[in-house]
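For reference, entry-v8.txt is printed below; it contains compact mmCIF, C-alpha atoms.
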```txt
# COMPACT_ATOMS: atom_id res chain seq x y z
CA MET A 23 -0.38 24.64 -36.36
CA VAL A 24 1.60 22.83 -39.06
CA VAL A 25 4.28 20.43 -37.89
CA LEU A 26 5.35 18.08 -40.63
CA GLY A 27 6.01 14.48 -39.72
CA ARG A 28 6.39 14.72 -35.94
CA ARG A 29 6.30 11.27 -34.40
CA THR A 30 3.52 10.99 -31.80
CA GLN A 31 2.02 14.24 -33.07
CA ALA A 32 2.08 15.04 -36.78
CA PRO A 33 -0.23 17.07 -39.02
CA LYS A 34 -1.80 16.21 -42.27
CA PRO A 35 0.48 17.09 -45.22
CA LEU A 36 0.25 20.38 -47.09
CA SER A 37 -0.61 20.41 -50.75
CA ARG A 38 2.28 21.23 -53.05
CA SER A 39 0.57 24.47 -54.12
CA GLN A 40 0.93 25.76 -50.55
CA ILE A 41 4.69 25.44 -50.39
CA VAL A 42 6.18 25.60 -53.89
CA ASP A 43 8.16 28.77 -54.52
CA ASP A 44 6.43 31.47 -56.57
CA ASP A 45 9.07 31.24 -59.31
CA SER A 46 8.34 27.57 -59.92
CA ASP A 47 4.56 28.04 -59.76
CA SER A 48 4.15 30.22 -62.82
CA ALA A 49 2.32 27.59 -64.82
CA SER A 50 -1.45 27.53 -64.48
CA ASP A 51 -3.31 24.70 -62.78
CA SER A 52 -4.85 23.77 -66.11
CA GLU A 53 -1.48 22.65 -67.43
CA TYR A 54 -1.40 19.87 -64.82
CA GLY A 55 -5.05 18.91 -64.83
CA ASP A 56 -4.41 15.73 -66.83
CA VAL A 57 -1.35 14.57 -64.87
CA SER A 58 -1.59 11.03 -63.54
CA CYS A 59 0.67 8.98 -61.31
CA GLU A 60 3.39 7.09 -63.16
CA GLU A 61 3.03 4.19 -60.72
CA CYS A 62 -0.73 3.63 -60.41
CA GLY A 63 -1.99 5.54 -63.47
CA SER A 64 -4.57 7.50 -61.48
CA GLY A 65 -4.94 11.26 -61.21
CA ASP A 66 -6.92 11.03 -57.97
CA SER A 67 -5.73 12.68 -54.73
CA PRO A 68 -4.16 15.67 -56.51
CA ALA A 69 -2.98 17.19 -53.20
CA GLU A 70 -0.72 14.16 -52.83
CA LEU A 71 0.43 14.03 -56.45
CA LEU A 72 3.98 15.34 -56.83
CA LEU A 73 5.41 16.64 -60.07
CA CYS A 74 9.03 15.84 -60.83
CA ASP A 75 11.15 18.99 -61.12
CA GLY A 76 13.56 17.40 -63.59
CA CYS A 77 14.29 19.30 -66.79
CA ASN A 78 11.14 19.19 -69.00
CA CYS A 79 9.81 16.29 -66.96
CA ASN A 80 6.71 17.05 -64.83
CA ARG A 81 5.86 13.36 -64.44
CA GLY A 82 3.52 12.75 -61.52
CA TYR A 83 3.87 10.44 -58.52
CA HIS A 84 1.57 9.96 -55.55
CA LEU A 85 3.26 10.29 -52.16
CA PHE A 86 1.90 6.87 -51.22
CA CYS A 87 2.93 5.21 -54.50
CA LEU A 88 6.61 6.06 -54.09
CA ARG A 89 8.94 3.48 -52.60
CA PRO A 90 10.01 4.36 -50.01
CA ILE A 91 6.84 6.41 -49.54
CA LEU A 92 6.95 10.10 -48.68
CA VAL A 93 4.96 11.08 -45.62
CA HIS A 94 4.48 14.69 -46.73
CA VAL A 95 5.06 17.01 -49.65
CA PRO A 96 8.75 18.05 -49.64
CA LYS A 97 9.81 21.68 -49.76
CA GLY A 98 11.63 23.07 -52.76
CA LYS A 99 12.63 21.01 -55.78
CA TRP A 100 11.88 17.29 -55.87
CA PHE A 101 13.11 14.71 -58.35
CA GLY A 102 11.15 11.55 -58.99
CA PRO A 103 12.48 8.07 -59.81
CA CYS A 104 12.59 9.09 -63.47
CA CYS A 105 15.20 11.79 -62.85
CA SER A 106 16.66 10.92 -59.47
CA LYS A 107 20.30 9.88 -59.24
CA ASN A 108 19.75 8.20 -55.89
CA LYS A 109 21.02 4.64 -55.83
CA LYS A 110 21.59 2.05 -53.15
CA PRO A 111 23.75 3.77 -50.51
CA LYS A 112 27.44 3.06 -50.53
CA SER A 113 28.44 0.81 -47.66
CA PHE A 114 30.60 2.25 -44.92
CA PRO A 115 34.05 0.61 -44.91
CA LEU A 116 34.32 -2.37 -42.56
CA HIS A 117 37.48 -1.01 -40.97
CA GLN A 118 37.85 -0.86 -37.21
CA THR A 119 39.75 2.45 -37.12
CA LYS A 120 37.22 4.20 -39.37
CA ILE A 121 34.29 2.82 -37.39
CA SER A 122 35.91 3.75 -34.07
CA ASP A 123 36.52 7.29 -35.34
CA PHE A 124 32.98 7.61 -36.68
CA PHE A 125 31.43 6.61 -33.36
CA ARG A 126 34.24 8.18 -31.29
CA ILE A 127 35.25 4.91 -29.66
CA LYS A 128 38.62 5.18 -27.96
CA ARG A 129 39.20 1.68 -26.63
CA SER A 130 41.47 -0.88 -28.27
CA ALA A 131 40.16 -4.24 -29.44
CA GLU A 132 41.98 -6.04 -26.59
CA SER A 133 40.49 -3.89 -23.87
CA LEU A 134 37.06 -4.14 -25.50
CA GLN A 135 37.24 -7.93 -25.36
CA LYS A 136 38.13 -7.90 -21.67
CA ILE A 137 35.40 -5.36 -20.84
CA ASN A 138 32.88 -7.43 -22.77
CA GLN A 139 33.68 -10.51 -20.70
CA ASP A 140 33.47 -8.61 -17.41
CA ASN A 141 30.22 -6.87 -18.32
CA ARG A 142 28.55 -10.06 -19.51
CA LYS A 143 29.25 -11.66 -16.14
CA ARG A 144 27.99 -8.60 -14.28
CA ARG A 145 24.85 -8.33 -16.44
CA ARG A 146 23.98 -11.98 -15.89
CA ARG A 147 24.21 -11.60 -12.12
CA ALA A 148 22.33 -8.29 -12.06
CA SER A 149 19.57 -9.43 -14.38
CA SER A 150 18.79 -12.56 -12.40
CA LEU A 151 18.66 -10.54 -9.18
CA VAL A 152 16.38 -7.86 -10.59
CA MET A 153 14.02 -10.32 -12.24
CA SER A 154 13.70 -12.30 -9.01
CA LYS A 155 12.53 -9.19 -7.16
CA LYS A 156 10.34 -7.53 -9.78
CA LYS A 157 9.52 -8.83 -13.20
CA ARG A 158 8.86 -5.47 -14.84
CA ARG A 159 12.29 -3.85 -14.56
CA LEU A 160 13.93 -2.70 -17.78
CA LEU A 161 16.78 -4.81 -19.12
CA PRO A 162 20.04 -3.71 -20.77
CA PHE A 163 20.60 -4.85 -24.33
CA SER A 164 22.97 -7.79 -24.75
CA PRO A 165 25.67 -7.02 -27.36
CA THR A 166 26.70 -9.59 -29.94
CA GLU A 167 29.72 -11.42 -28.61
CA ASP A 168 31.52 -11.70 -31.94
CA HIS A 169 33.65 -8.57 -32.42
CA THR A 170 33.57 -8.75 -36.23
CA ARG A 171 29.79 -8.98 -36.25
CA ARG A 172 29.56 -5.94 -33.98
CA MET A 173 31.74 -4.04 -36.46
CA GLN A 174 29.30 -5.02 -39.23
CA GLN A 175 26.38 -3.79 -37.16
CA MET A 176 28.05 -0.45 -36.52
CA ALA A 177 29.10 -0.14 -40.16
CA SER A 178 25.46 -0.61 -41.20
CA LEU A 179 24.44 2.30 -38.96
CA ALA A 180 27.32 4.43 -40.22
CA THR A 181 26.16 3.72 -43.80
CA ALA A 182 22.65 4.99 -43.03
CA LEU A 183 23.84 8.05 -41.11
CA THR A 184 26.31 8.97 -43.86
CA ALA A 185 23.68 8.54 -46.60
CA THR A 186 21.27 10.85 -44.76
CA GLY A 187 23.92 13.43 -43.85
CA THR A 188 23.51 12.82 -40.12
CA LYS A 189 26.32 13.09 -37.59
CA PHE A 190 26.27 10.36 -34.95
CA SER A 191 25.10 11.41 -31.50
CA ASN A 192 23.76 9.13 -28.79
CA GLU A 193 22.58 12.03 -26.62
CA LEU A 194 20.10 14.86 -26.62
CA THR A 195 22.05 17.82 -27.99
CA TYR A 196 21.45 21.49 -27.28
CA ARG A 197 22.57 23.89 -29.99
CA PRO A 198 22.86 27.69 -30.14
CA ARG A 199 19.64 29.44 -31.23
CA MET A 200 17.62 26.35 -30.31
CA ALA A 201 16.11 25.26 -27.00
CA PRO A 202 18.56 25.38 -24.05
CA ARG A 203 18.98 22.43 -21.74
CA SER A 204 17.19 24.34 -18.99
CA ALA A 205 14.02 24.21 -21.12
CA ASN A 206 13.90 20.41 -20.81
CA CYS A 207 11.99 20.27 -17.54
CA ALA A 208 9.84 17.16 -17.16
CA ALA A 209 7.68 18.93 -14.59
CA LEU A 210 6.22 21.05 -17.41
CA GLU A 211 4.62 18.00 -19.06
CA GLN A 212 0.87 18.40 -19.34
CA GLY A 213 -0.71 15.77 -17.11
CA GLY A 214 2.63 14.69 -15.65
CA MET A 215 5.31 12.27 -16.85
CA GLN A 216 6.25 8.78 -15.75
CA VAL A 217 9.36 8.81 -13.54
CA LEU A 218 12.10 6.33 -14.43
CA LEU A 219 12.99 4.37 -11.31
CA LYS A 220 16.51 4.36 -9.88
CA GLU A 221 17.19 0.75 -10.94
CA ASP A 222 16.08 1.51 -14.49
CA ILE A 223 18.23 4.66 -14.61
CA GLU A 224 21.20 2.47 -13.72
CA THR A 225 20.25 0.13 -16.57
CA LEU A 226 19.98 3.06 -18.98
CA ASN A 227 23.40 4.33 -17.88
CA LEU A 228 24.85 0.85 -18.41
CA CYS A 229 23.51 0.85 -21.97
CA LYS A 230 25.09 4.27 -22.56
CA SER A 231 28.47 3.17 -21.22
CA MET A 232 28.41 0.04 -23.37
CA MET A 233 27.79 2.13 -26.47
CA ASP A 234 30.65 4.47 -25.53
CA ARG A 235 32.96 1.43 -25.46
CA GLY A 236 31.77 0.11 -28.81
CA GLU A 237 29.35 -2.49 -27.45
CA CYS A 238 26.35 -1.63 -29.61
CA PRO A 239 22.83 -3.07 -29.44
CA PRO A 240 22.48 -6.24 -31.57
CA LEU A 241 20.84 -4.41 -34.47
CA MET A 242 21.47 -4.19 -38.19
CA VAL A 243 20.38 -1.27 -40.38
CA VAL A 244 19.35 -2.46 -43.84
CA PHE A 245 18.13 -0.61 -46.92
CA ASP A 246 14.79 -1.84 -48.21
CA PRO A 247 13.45 -0.53 -51.55
CA GLN A 248 9.94 -0.46 -50.08
CA GLU A 249 10.66 1.06 -46.66
CA GLY A 250 14.02 2.78 -47.07
CA PHE A 251 16.44 2.37 -44.17
CA THR A 252 15.02 0.06 -41.53
CA VAL A 253 16.32 -1.82 -38.48
CA GLU A 254 16.46 -5.57 -37.81
CA ALA A 255 17.23 -7.54 -34.68
CA ASP A 256 20.56 -9.29 -35.26
CA LYS A 257 20.14 -11.42 -32.17
CA PHE A 258 17.29 -12.56 -29.94
CA ILE A 259 16.06 -9.60 -27.84
CA ARG A 260 14.09 -10.11 -24.64
CA ASP A 261 10.90 -8.30 -23.71
CA LEU A 262 11.53 -5.03 -21.80
CA THR A 263 15.03 -4.60 -23.22
CA ILE A 264 16.15 -1.01 -23.75
CA ILE A 265 16.82 -0.78 -27.47
CA THR A 266 18.01 2.81 -27.66
CA GLU A 267 17.27 6.36 -26.59
CA TYR A 268 15.86 8.74 -29.20
CA ALA A 269 18.67 11.23 -29.79
CA GLY A 270 19.03 14.47 -31.69
CA ASP A 271 18.92 18.24 -31.42
CA VAL A 272 16.33 19.64 -29.00
CA ASP A 273 14.26 22.59 -30.17
CA TYR A 274 11.03 24.35 -29.34
CA LEU A 275 8.03 23.02 -31.22
CA LYS A 276 7.10 26.58 -32.24
CA ASN A 277 10.41 26.85 -34.14
CA ARG A 278 9.62 23.71 -36.16
CA GLU A 279 6.07 24.37 -37.27
CA ASN A 280 7.10 24.39 -40.95
CA ASP A 281 9.93 21.88 -40.73
CA ASP A 282 9.91 19.29 -43.51
CA GLY A 283 11.66 16.56 -41.51
CA ASP A 284 9.72 13.33 -41.02
CA SER A 285 11.58 12.08 -37.95
CA MET A 286 10.84 14.70 -35.31
CA MET A 287 9.86 13.22 -31.96
CA THR A 288 7.81 14.82 -29.20
CA LEU A 289 10.05 15.35 -26.17
CA LEU A 290 7.88 17.58 -23.99
CA SER A 291 4.19 18.33 -24.44
CA ALA A 292 3.79 21.27 -22.10
CA ALA A 293 0.55 22.83 -20.86
CA ASN A 294 1.96 26.05 -22.30
CA PRO A 295 2.49 25.20 -26.01
CA SER A 296 5.32 27.73 -26.29
CA LYS A 297 7.38 25.50 -23.96
CA SER A 298 6.77 22.24 -25.83
CA LEU A 299 9.92 20.56 -27.18
CA VAL A 300 10.78 18.19 -30.02
CA ILE A 301 13.83 16.08 -30.87
CA CYS A 302 15.17 16.76 -34.38
CA PRO A 303 17.50 13.96 -35.61
CA ASP A 304 18.17 15.33 -39.09
CA LYS A 305 21.60 16.81 -38.21
CA HIS A 306 22.59 14.72 -35.18
CA GLY A 307 21.08 11.35 -34.33
CA ASN A 308 21.43 7.63 -33.77
CA ILE A 309 19.79 4.37 -34.83
CA ALA A 310 16.41 5.42 -33.41
CA ARG A 311 15.59 7.58 -36.44
CA PHE A 312 15.71 4.52 -38.71
CA VAL A 313 13.21 2.40 -36.75
CA ASN A 314 10.03 2.39 -38.82
CA GLY A 315 6.44 2.90 -37.75
CA ILE A 316 3.48 0.56 -38.03
CA ASN A 317 0.45 1.13 -40.21
CA ASN A 318 -2.22 2.05 -37.65
CA HIS A 319 -5.01 1.42 -40.15
CA THR A 320 -4.65 -2.33 -40.72
CA PRO A 321 -4.68 -5.32 -38.32
CA ASP A 322 -1.54 -6.72 -39.97
CA GLY A 323 0.21 -3.40 -39.52
CA ARG A 324 -0.58 -3.28 -35.81
CA LYS A 325 0.65 -6.85 -35.36
CA LYS A 326 4.13 -5.75 -36.47
CA GLN A 327 4.68 -3.61 -33.38
CA ASN A 328 7.44 -5.03 -31.18
CA LEU A 329 8.67 -1.82 -29.54
CA LYS A 330 7.04 0.85 -27.43
CA CYS A 331 8.11 4.48 -27.35
CA VAL A 332 7.98 5.95 -23.84
CA ARG A 333 8.81 9.38 -22.46
CA TYR A 334 10.33 9.28 -18.98
CA ASP A 335 11.28 11.79 -16.32
CA VAL A 336 14.97 11.00 -15.78
CA ASN A 337 16.38 13.09 -12.96
CA GLY A 338 14.07 15.96 -13.86
CA GLU A 339 14.64 15.87 -17.64
CA SER A 340 12.43 14.32 -20.30
CA ARG A 341 13.98 11.42 -22.23
CA VAL A 342 12.48 9.17 -24.91
CA LEU A 343 13.27 5.45 -24.89
CA LEU A 344 12.48 2.69 -27.37
CA ILE A 345 11.82 -0.51 -25.42
CA ALA A 346 10.97 -4.04 -26.55
CA ASN A 347 7.34 -4.81 -25.70
CA ARG A 348 7.72 -8.53 -26.42
CA ASP A 349 10.44 -11.06 -27.22
CA ILE A 350 11.94 -10.32 -30.64
CA PRO A 351 13.56 -13.14 -32.64
CA LYS A 352 16.69 -12.64 -34.70
CA GLY A 353 15.95 -11.27 -38.16
CA GLU A 354 12.68 -9.56 -37.23
CA ARG A 355 12.37 -5.89 -38.16
CA LEU A 356 11.66 -3.36 -35.46
CA TYR A 357 8.50 -1.28 -35.46
CA TYR A 358 6.72 1.01 -33.04
CA ASP A 359 3.62 3.17 -33.11
CA TYR A 360 4.43 6.68 -34.35
CA ASN A 361 1.03 7.75 -33.01
CA GLY A 362 1.66 7.04 -29.36
CA TYR A 363 -0.02 10.22 -28.10
CA GLU A 364 -2.03 12.33 -30.53
CA ASN A 365 -2.84 9.79 -33.27
CA GLU A 366 -2.20 12.19 -36.16
CA TYR A 367 0.91 10.83 -37.92
CA PRO A 368 -0.18 9.79 -41.46
CA THR A 369 0.58 6.06 -41.55
CA GLU A 370 -2.25 4.79 -43.75
CA HIS A 371 0.12 4.05 -46.64
CA PHE A 372 2.92 2.49 -44.59
CA VAL A 373 4.00 -0.96 -45.75
```
Would you give me this structure, written as structure tokens?
Amino acid sequence: MVVLGRRTQAPKPLSRSQIVDDDSDSASDSEYGDVSCEECGSGDSPAELLLCDGCNCNRGYHLFCLRPILVHVPKGKWFGPCCSKNKKPKSFPLHQTKISDFFRIKRSAESLQKINQDNRKRRRRASSLVMSKKKRRLLPFSPTEDHTRRMQQMASLATALTATGTKFSNELTYRPRMAPRSANCAALEQGGMQVLLKEDIETLNLCKSMMDRGECPPLMVVFDPQEGFTVEADKFIRDLTIITEYAGDVDYLKNRENDDGDSMMTLLSAANPSKSLVICPDKHGNIARFVNGINNHTPDGRKKQNLKCVRYDVNGESRVLLIANRDIPKGERLYYDYNGYENEYPTEHFV
């Protein structure tokens, strides 16, 4: 089975010779025997040495030497830094109407302000009550109070989604010729799935309703030349806070065995592999796809983890939540373990 870049279960990358089109593979291997990486100068690890497809170029770059790194060998033509026209992404306009349209927010600024005040009062009362009864209940995120700052946060996400050609969706989406909603049955999970308790479902629904009204999580998406798009806490976040749900198109794993996306997430790992499902955020998605993974191979990498990725049975359906696993100070970047289940995602070269 070959599933490229699936979070919590991903294969080792294919060599370029396995996937390059026949037309572009007419040159003999001997022509490229002396190619070395433009970044490190080494010709080692040839299976991970990409050749730029720019006109008369053929410069080499290791997957792990690129910044941001590539997790796997891309399909089709690939252009290295020498020939790429990619620049820092253009910022989404900080305009309330454009942001509201992008995220399909229909409330006015005045009504948003009033709802914010009411919800903050209700969340304070509810949180104190829940925490007094049981200390392990999930918490709703607490939006930034300043309306302008929230617009900046949403504009940063819109910038990243626009740059990656992704349409915003905060839900699991079911498309024609992909897996139907009826296929998402948590009871099919091999070994069973943790059931989200009623109180936590109410918290999850509160988070969803806040997002629908334009009250986003206090997060900022930034572009880093080393890591690409990544997510920072823009406000102190408490342990056990729901950060976001992993959203995107739901498809059968068997349909994505040769997919070149690096953001697929396991949704359902069924005893019958033909019924296993993945979330594909390349066409429709939210901020979850931009949260980076830790390097599982170094102590410093593991120390970065401040989120956990958990699959829950929510009213009979599988859902994937990103949850704070400790207090997170403002300005800290968010990371979780991409290898939460099968320990096969290639993270050894992650920053």
* Would you kindly return, as number ranges by chain, each protein, DNA or RNA residue with an atom no farther than 10 Å from any atom of A:Asp261, considering only C-alpha atoms and excluding same-chain residues fewer than 2 positions away? => A: 158, 160-161, 258-259, 263-264, 328-329, 345-350
* How many Å separate atom CA of A:Asp335 from atom CA of A:Thr266? ->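 If I compute the distance from atom CA of A:Asp335 to atom CA of A:Thr266, I get 16.0 Å.
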* Asked: With all atoms listed in the file as the atoms that count, which of A:Gly214, A:Pro240, A:Gly65, A:Gly270 lies nearest to A:Tyr196?
  -> A:Gly270
* Atom pair atom CA of A:Met200 / atom CA of A:Leu344: separation (Å) -> 24.4 Å
* Asked: Leaving out stretch 293-299 of chain A and any residue of its chain fewer than 4 positions from it, which residues lie within 12 Å of it when counting all atoms listed in the file, given as a ChimeraX atom specification?
  -> /A:23,28,31,194,196,200-214,270-279,286-289,339-342
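Interatomic distance, atom CA of A:Pro198 against atom CA of A:Gly338: 21.9 Å.
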* Taking into account all atoms listed in the file, which residue in the set A:Val332, A:Arg172, A:Gly82, A:Arg159 is nearest to A:His117? ->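 Going through A:Val332, A:Arg172, A:Gly82, A:Arg159 one by one, the smallest distance to A:His117 is for A:Arg172.
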* Which of A:Leu92, A:Leu71, A:Ile309, A:His169 sits closest to A:Leu116 [using only C-alpha atoms] ->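 Using only C-alpha atoms, the shortest distance to A:Leu116 belongs to A:His169.
Across A:Cys74, A:Val217, A:Met242, A:Ile127, the tightest approach to A:Lys257 is made by A:Met242 when counting all atoms listed in the file.
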* Enumerate, as a PyMOL selection string, the protein, DNA and RNA residues whose atoms approach (18.8, 12.5, -32.9) to within 10 Å, taking into account only C-alpha atoms and the coordinate frame of the file. => chain A and resi 188-195+267-272+285-287+301-311
* For each of A:Asp256, A:Lys220, A:Gly315, A:Asp281, take the minimum atom-to-atom distance to A:Val336, counting only C-alpha atoms, then give the residue where this is smallest. =>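 Between A:Asp256, A:Lys220, A:Gly315, A:Asp281, the residue approaching A:Val336 most closely is A:Lys220.
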* Who sits within 10 Å of A:Arg324, all atoms listed in the file, same chain under 4 positions skipped, as a list in words -> Gly315, Ile316, Asn317, Asn318, His319, Thr320, Asn328, Tyr357, Tyr358 and Asp359 of chain A
* **Shortest interatomic distance to A:Phe312 - which of A:Met233, A:Ala292, A:Leu226, A:Leu183, counting only C-alpha atoms** => A:Leu183
I'd like the box whose edges run along x, y and z of the file and which contains every listed atom of stretch 115-123 of chain A, padded by 8 Å per side; could you state its centre and edge lengths in Å, one decimal, as JSON?
```
{"center_x": 36.9, "center_y": 2.5, "center_z": -39.5, "size_x": 21.7, "size_y": 25.7, "size_z": 26.8}
```
